[in-house]
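To start, the structure itself, in structure tokens.
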Amino acid sequence: QVQLVESGGGLAQAGGSLRLECAASGRLRSINSMGWYRQAPGKQREYVARITSGDGTNYADSVKGRFTISRDNAKNTVYLQMNSLKPEDTAVYYCNCIAGLVSEYWGQGTQVTVSS
């Protein structure tokens, strides 16, 4: 089992920045990759970014060039640095990890609100 706890959400103005954190605990050695998803009101959850155990990164086109995913292995934490925020970035952001062959875990989510 892996437990994920997000923090760092809040309110920002358009053009501003926020940094999300996701602290992982449990069977950490089984984790293959970690990522972020988001869900806006009335919309489906969508992919934002992912970082692999080898530090490879991938981003959704909507956030490429504005968001950066990184990790601190010593702290078992993954970060999502969000710059140049837009009102359309408003959503609940969820941390996700893929562990072992087929296991997937989610955090409880953290709200990000961007005002225009």
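Numbering starts fresh at 1 for the residues of each chain in the structure tokens, the chains themselves are lettered A, B, ... in the order given, and ligands are numbered from 1 as they appear.
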Could you write out, as number ranges by chain, all the residues of chain A that DSSP marks as helix (DSSP H, G or I)? A: 28-30, 73-75, 87-89
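Picture a line from CA of Thr113 in chain A to CA of Ala23 in chain A; it runs 21.2 Å.
By chain and then residue number, the residues within 9 Å of range 10-17 of chain A are Gly8, Arg19, Gln81, Met82, Asn83, Ser84, Leu85, Lys86, Pro87, Thr110, Gln111, Val112, Thr113, Val114, Ser115 and Ser116 of chain A, counting only C-alpha atoms and disregarding those fewer than 2 positions away in sequence.
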With DSSP run on the backbone, what are the strand (DSSP E or B) residues within range 30-85 of chain A? I'd like them as a ChimeraX atom specification. /A:31-39,46-52,57-59,67-72,77-82
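Using only C-alpha atoms, the smallest distance between any of A:Tyr93, A:Tyr79, A:Trp36, A:Trp106 and Asn58 in chain A comes from A:Trp36.
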Here CA of Arg27 in chain A and CA of Arg71 in chain A stand apart by 16.7 Å
One decimal place gives the CA of Ser70 in chain A-CA of Ala49 in chain A separation as 9.9 Å
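The shortest atom-to-atom distance to Asp89 in chain A, with only C-alpha atoms taken into account, belongs to A:Val63 out of A:Ala74, A:Leu20, A:Val63, A:Val102.
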